[in-house]
Amino acid sequence: MSTSPAKPVLVTDATAVVRPSREQALEAVRTLIAWAGDNPQRPGLIDTPKRVVDAYAEWFDGYDADAGKELSRTFEDVTGYDDMVILRDIEIESHCEHHMAPFLGKAYVAYLPGEKVVGISKLARVVEIFARRLQNQETLTNDIIEAIESHLQPRGVAVLLDAAHQCMTTRGVHHRHVTTITTRFTGAFKTDPALADRFLKLARG
C-alpha cells in the first residue's frame with residue numbers, strides 16, 4: 001500500500017503491525033493468482049498485482065486517516081439552533097473483515113448539537129474514514145457514533161447503516177436482494193423514543 005520502507009502502522013485495535021513493502025504486497029497477489037489456478041506471468045495478468053495493490057491503497061486509506069482530526073474544527077455560534085442535524089444517503093464502500101469482500105450501501109447520521117457544531121462534510125468524511133478499513137457493519141456503526149460522541153460532546157447521536165454484503169450475495173447463500181440494517185442511538189436519541197422515531201422517518205424519507 002506504500003512505496004516507502006516497511007514501517008509500523010496502527011490498526012483499529014491499537015495493536016502495532018509492520019506494514020509490508022510494496023514488493024511484498026505485489027508478490028502476495030502473484031501467489032494468490034497462482035493459488036487460484038492461473039499464471040501470474042501471462043499477458044493478461046502481468047500487471048494485475050500492481051492494479052490490485054493500487055486499489056488496496058485506495059480502498060483501505062482509512063488506516064492512514066484520523067477521524068478526530070476531521071472533527072477538530074468546530075463552531076460555537078449556531079444562533080440558537082437546538083434541533084438535530086441529519087445527513088442522509090452517505091455512500092458506504094467498505095470491505096468485510098471475514099472475506100475481504102465489499103459491502104455497499106448508505107449511512108444516515110444525525111446529532112443534536114451541544115456547544116459545538118462541525119461542518120457537515122466532516123461527518124461524511126468520518127463515515128468514509130472508518131468504511132475504508134476492514135470492517136463488519138456493527139463495528140462500523142459503533143466507530144462512527146463513538147467518534148462523533150467523543151469529539152463533539154453532543155446531546156445525542158443517531159446512526160443507521162443499510163448495506164448489501166457481497167460475501168452473502170456472490171458466495172455462500174447467494175441471496176442477492178438482502179440488505180443489513182444496523183442502528184445505534186446515544187443521549188437524547190436513546191432516551192426519547194419520539195426523537196429516535198423522527199430520525200428514522202427522516203432518514204428513510
# chains A, B, ... in the order shown; residues from 1 in each chain; ligands from 1
>>> select_by_dssp(residues="stretch 56-132 of chain A", states="helix (DSSP H, G or I)", output="number ranges by chain")
A: 56-59, 61-64, 67-70, 120-131
>>> write_last_selection(atoms="C-alpha atoms", output="tab-separated table (two decimals), in the first residue's frame")
chain	number	residue	atom	x	y	z
A	56	TYR	CA	-5.92	-1.64	-1.91
A	57	ALA	CA	-4.13	1.65	-1.27
A	58	GLU	CA	-7.36	3.46	-2.16
A	59	TRP	CA	-9.84	1.05	-0.59
A	61	ASP	CA	-6.68	4.53	3.05
A	62	GLY	CA	-8.81	4.91	6.17
A	63	TYR	CA	-5.96	3.37	8.16
A	64	ASP	CA	-3.88	6.46	7.41
A	67	ALA	CA	-11.42	10.94	12.28
A	68	GLY	CA	-10.58	13.07	15.29
A	69	LYS	CA	-8.66	15.50	13.11
A	70	GLU	CA	-11.66	15.83	10.80
A	120	ILE	CA	-21.41	18.70	7.55
A	121	SER	CA	-18.80	17.43	5.09
A	122	LYS	CA	-16.73	16.32	8.09
A	123	LEU	CA	-19.46	13.92	9.17
A	124	ALA	CA	-19.45	12.31	5.74
A	125	ARG	CA	-15.67	12.14	5.90
A	126	VAL	CA	-15.83	10.31	9.26
A	127	VAL	CA	-18.07	7.67	7.68
A	128	GLU	CA	-15.62	7.34	4.80
A	129	ILE	CA	-12.55	7.00	7.05
A	130	PHE	CA	-13.98	4.13	9.05
A	131	ALA	CA	-15.53	2.47	6.00
>>> select_by_dssp(residues="stretch 7-188 of chain A", states="strand (DSSP E)", output="count of residues only")
53
>>> residues_around(residues="stretch 136-147 of chain A", least_positions_apart="5", cutoff="9 Å", atoms="only C-alpha atoms", output="ChimeraX atom specification")
/A:67-68,71,94-98,103,107,109,123,126-127,130-131,152,157-163,180-186
>>> write_last_selection(atoms="N, CA and C atoms", output="PDB file, in the first residue's frame")
ATOM      1  N   ALA A  67     -10.081  10.345  12.162  1.00  0.00           N
ATOM      2  CA  ALA A  67     -11.423  10.938  12.280  1.00  0.00           C
ATOM      3  C   ALA A  67     -11.439  12.099  13.261  1.00  0.00           C
ATOM      4  N   GLY A  68     -10.640  11.998  14.312  1.00  0.00           N
ATOM      5  CA  GLY A  68     -10.581  13.072  15.291  1.00  0.00           C
ATOM      6  C   GLY A  68     -10.103  14.380  14.686  1.00  0.00           C
ATOM      7  N   LEU A  71     -12.863  16.115  12.891  1.00  0.00           N
ATOM      8  CA  LEU A  71     -13.874  16.706  13.766  1.00  0.00           C
ATOM      9  C   LEU A  71     -13.312  17.787  14.685  1.00  0.00           C
ATOM     10  N   SER A  94     -17.200  -0.311   1.762  1.00  0.00           N
ATOM     11  CA  SER A  94     -16.316  -0.926   2.737  1.00  0.00           C
ATOM     12  C   SER A  94     -16.045  -2.381   2.346  1.00  0.00           C
ATOM     13  N   HIS A  95     -15.225  -3.063   3.148  1.00  0.00           N
ATOM     14  CA  HIS A  95     -14.889  -4.471   2.907  1.00  0.00           C
ATOM     15  C   HIS A  95     -15.008  -5.233   4.210  1.00  0.00           C
ATOM     16  N   CYS A  96     -15.677  -6.370   4.170  1.00  0.00           N
ATOM     17  CA  CYS A  96     -15.875  -7.142   5.389  1.00  0.00           C
ATOM     18  C   CYS A  96     -14.564  -7.795   5.812  1.00  0.00           C
ATOM     19  N   GLU A  97     -14.358  -7.836   7.109  1.00  0.00           N
ATOM     20  CA  GLU A  97     -13.116  -8.375   7.641  1.00  0.00           C
ATOM     21  C   GLU A  97     -13.073  -9.903   7.591  1.00  0.00           C
ATOM     22  N   HIS A  98     -14.184 -10.551   7.294  1.00  0.00           N
ATOM     23  CA  HIS A  98     -14.206 -12.008   7.260  1.00  0.00           C
ATOM     24  C   HIS A  98     -13.779 -12.568   5.904  1.00  0.00           C
ATOM     25  N   PHE A 103     -18.857  -4.506   0.975  1.00  0.00           N
ATOM     26  CA  PHE A 103     -20.259  -4.263   1.302  1.00  0.00           C
ATOM     27  C   PHE A 103     -20.543  -2.801   1.032  1.00  0.00           C
ATOM     28  N   ALA A 107     -25.287   5.421   4.639  1.00  0.00           N
ATOM     29  CA  ALA A 107     -25.274   5.769   6.058  1.00  0.00           C
ATOM     30  C   ALA A 107     -26.159   6.986   6.274  1.00  0.00           C
ATOM     31  N   VAL A 109     -26.764   9.746   9.385  1.00  0.00           N
ATOM     32  CA  VAL A 109     -26.115  10.186  10.620  1.00  0.00           C
ATOM     33  C   VAL A 109     -26.776  11.465  11.110  1.00  0.00           C
ATOM     34  N   LEU A 123     -18.731  15.121   8.749  1.00  0.00           N
ATOM     35  CA  LEU A 123     -19.460  13.921   9.172  1.00  0.00           C
ATOM     36  C   LEU A 123     -19.398  12.847   8.089  1.00  0.00           C
ATOM     37  N   VAL A 126     -15.990  11.294   8.173  1.00  0.00           N
ATOM     38  CA  VAL A 126     -15.829  10.315   9.261  1.00  0.00           C
ATOM     39  C   VAL A 126     -16.359   8.953   8.829  1.00  0.00           C
ATOM     40  N   VAL A 127     -17.526   8.938   8.195  1.00  0.00           N
ATOM     41  CA  VAL A 127     -18.070   7.672   7.682  1.00  0.00           C
ATOM     42  C   VAL A 127     -17.080   7.039   6.707  1.00  0.00           C
ATOM     43  N   PHE A 130     -13.793   5.423   8.409  1.00  0.00           N
ATOM     44  CA  PHE A 130     -13.977   4.127   9.053  1.00  0.00           C
ATOM     45  C   PHE A 130     -14.413   3.048   8.059  1.00  0.00           C
ATOM     46  N   ALA A 131     -15.133   3.442   7.012  1.00  0.00           N
ATOM     47  CA  ALA A 131     -15.531   2.466   5.998  1.00  0.00           C
ATOM     48  C   ALA A 131     -14.325   1.945   5.229  1.00  0.00           C
ATOM     49  N   LEU A 152     -17.371  15.825  19.682  1.00  0.00           N
ATOM     50  CA  LEU A 152     -18.324  16.932  19.655  1.00  0.00           C
ATOM     51  C   LEU A 152     -19.109  17.083  20.952  1.00  0.00           C
ATOM     52  N   VAL A 157     -26.549  11.224  19.527  1.00  0.00           N
ATOM     53  CA  VAL A 157     -26.147  10.847  18.172  1.00  0.00           C
ATOM     54  C   VAL A 157     -26.999   9.657  17.734  1.00  0.00           C
ATOM     55  N   ALA A 158     -27.346   9.629  16.457  1.00  0.00           N
ATOM     56  CA  ALA A 158     -28.074   8.507  15.871  1.00  0.00           C
ATOM     57  C   ALA A 158     -27.400   8.118  14.564  1.00  0.00           C
ATOM     58  N   VAL A 159     -27.232   6.815  14.372  1.00  0.00           N
ATOM     59  CA  VAL A 159     -26.618   6.314  13.143  1.00  0.00           C
ATOM     60  C   VAL A 159     -27.418   5.115  12.648  1.00  0.00           C
ATOM     61  N   LEU A 160     -27.699   5.103  11.354  1.00  0.00           N
ATOM     62  CA  LEU A 160     -28.324   3.958  10.693  1.00  0.00           C
ATOM     63  C   LEU A 160     -27.496   3.624   9.460  1.00  0.00           C
ATOM     64  N   LEU A 161     -27.119   2.359   9.311  1.00  0.00           N
ATOM     65  CA  LEU A 161     -26.426   1.884   8.116  1.00  0.00           C
ATOM     66  C   LEU A 161     -27.283   0.825   7.441  1.00  0.00           C
ATOM     67  N   ASP A 162     -27.343   0.884   6.121  1.00  0.00           N
ATOM     68  CA  ASP A 162     -28.112  -0.077   5.320  1.00  0.00           C
ATOM     69  C   ASP A 162     -27.214  -0.504   4.167  1.00  0.00           C
ATOM     70  N   ALA A 163     -26.765  -1.761   4.180  1.00  0.00           N
ATOM     71  CA  ALA A 163     -25.757  -2.179   3.203  1.00  0.00           C
ATOM     72  C   ALA A 163     -25.992  -3.605   2.728  1.00  0.00           C
ATOM     73  N   THR A 180     -28.490  -5.451   5.053  1.00  0.00           N
ATOM     74  CA  THR A 180     -28.367  -5.492   6.506  1.00  0.00           C
ATOM     75  C   THR A 180     -28.503  -4.083   7.052  1.00  0.00           C
ATOM     76  N   ILE A 181     -29.344  -3.928   8.071  1.00  0.00           N
ATOM     77  CA  ILE A 181     -29.545  -2.631   8.707  1.00  0.00           C
ATOM     78  C   ILE A 181     -29.032  -2.698  10.133  1.00  0.00           C
ATOM     79  N   THR A 182     -28.193  -1.726  10.499  1.00  0.00           N
ATOM     80  CA  THR A 182     -27.732  -1.591  11.882  1.00  0.00           C
ATOM     81  C   THR A 182     -28.031  -0.174  12.346  1.00  0.00           C
ATOM     82  N   THR A 183     -28.367  -0.034  13.619  1.00  0.00           N
ATOM     83  CA  THR A 183     -28.638   1.281  14.198  1.00  0.00           C
ATOM     84  C   THR A 183     -27.993   1.367  15.567  1.00  0.00           C
ATOM     85  N   ARG A 184     -27.720   2.595  15.969  1.00  0.00           N
ATOM     86  CA  ARG A 184     -27.316   2.843  17.355  1.00  0.00           C
ATOM     87  C   ARG A 184     -27.711   4.268  17.713  1.00  0.00           C
ATOM     88  N   PHE A 185     -28.152   4.450  18.951  1.00  0.00           N
ATOM     89  CA  PHE A 185     -28.578   5.751  19.444  1.00  0.00           C
ATOM     90  C   PHE A 185     -27.873   6.044  20.765  1.00  0.00           C
ATOM     91  N   THR A 186     -27.508   7.303  20.979  1.00  0.00           N
ATOM     92  CA  THR A 186     -26.960   7.721  22.263  1.00  0.00           C
ATOM     93  C   THR A 186     -27.674   8.981  22.726  1.00  0.00           C
TER      94      THR A 186
END
>>> closest_residue(among="A:Val29, A:Leu202, A:Leu134, A:Val52", to="A:Arg88", atoms="only C-alpha atoms")
A:Leu202
>>> residues_around(residues="stretch 187-194 of chain A", least_positions_apart="3", cutoff="9 Å", atoms="only C-alpha atoms", output="ChimeraX atom specification")
/A:111-112,154-158,184,197-199
>>> atom_distance(atom1="atom CA of A:Pro113", atom2="atom CA of A:Ala203")
17.8 Å
>>> closest_residue(among="A:Leu200, A:Ile148, A:Leu104, A:Ala36", to="A:Thr179", atoms="only C-alpha atoms")
A:Leu104
>>> atom_distance(atom1="atom CA of A:Glu93", atom2="atom CA of A:Ile46")
27.2 Å
>>> residues_around(residues="A:Leu87", least_positions_apart="2", cutoff="7 Å", atoms="only C-alpha atoms", output="list in words")
Val85, Asp89, Tyr108, Val109 and Ala110 of chain A
>>> write_last_selection(atoms="C-alpha atoms", output="JSON list (two decimals), in the first residue's frame")
[["chain", "number", "residue", "atom", "x", "y", "z"],
["A", 85, "VAL", "CA", -28.54, 17.89, 12.20],
["A", 89, "ASP", "CA", -27.59, 8.85, 1.85],
["A", 108, "TYR", "CA", -27.67, 8.12, 7.85],
["A", 109, "VAL", "CA", -26.11, 10.19, 10.62],
["A", 110, "ALA", "CA", -27.67, 12.71, 12.99]]
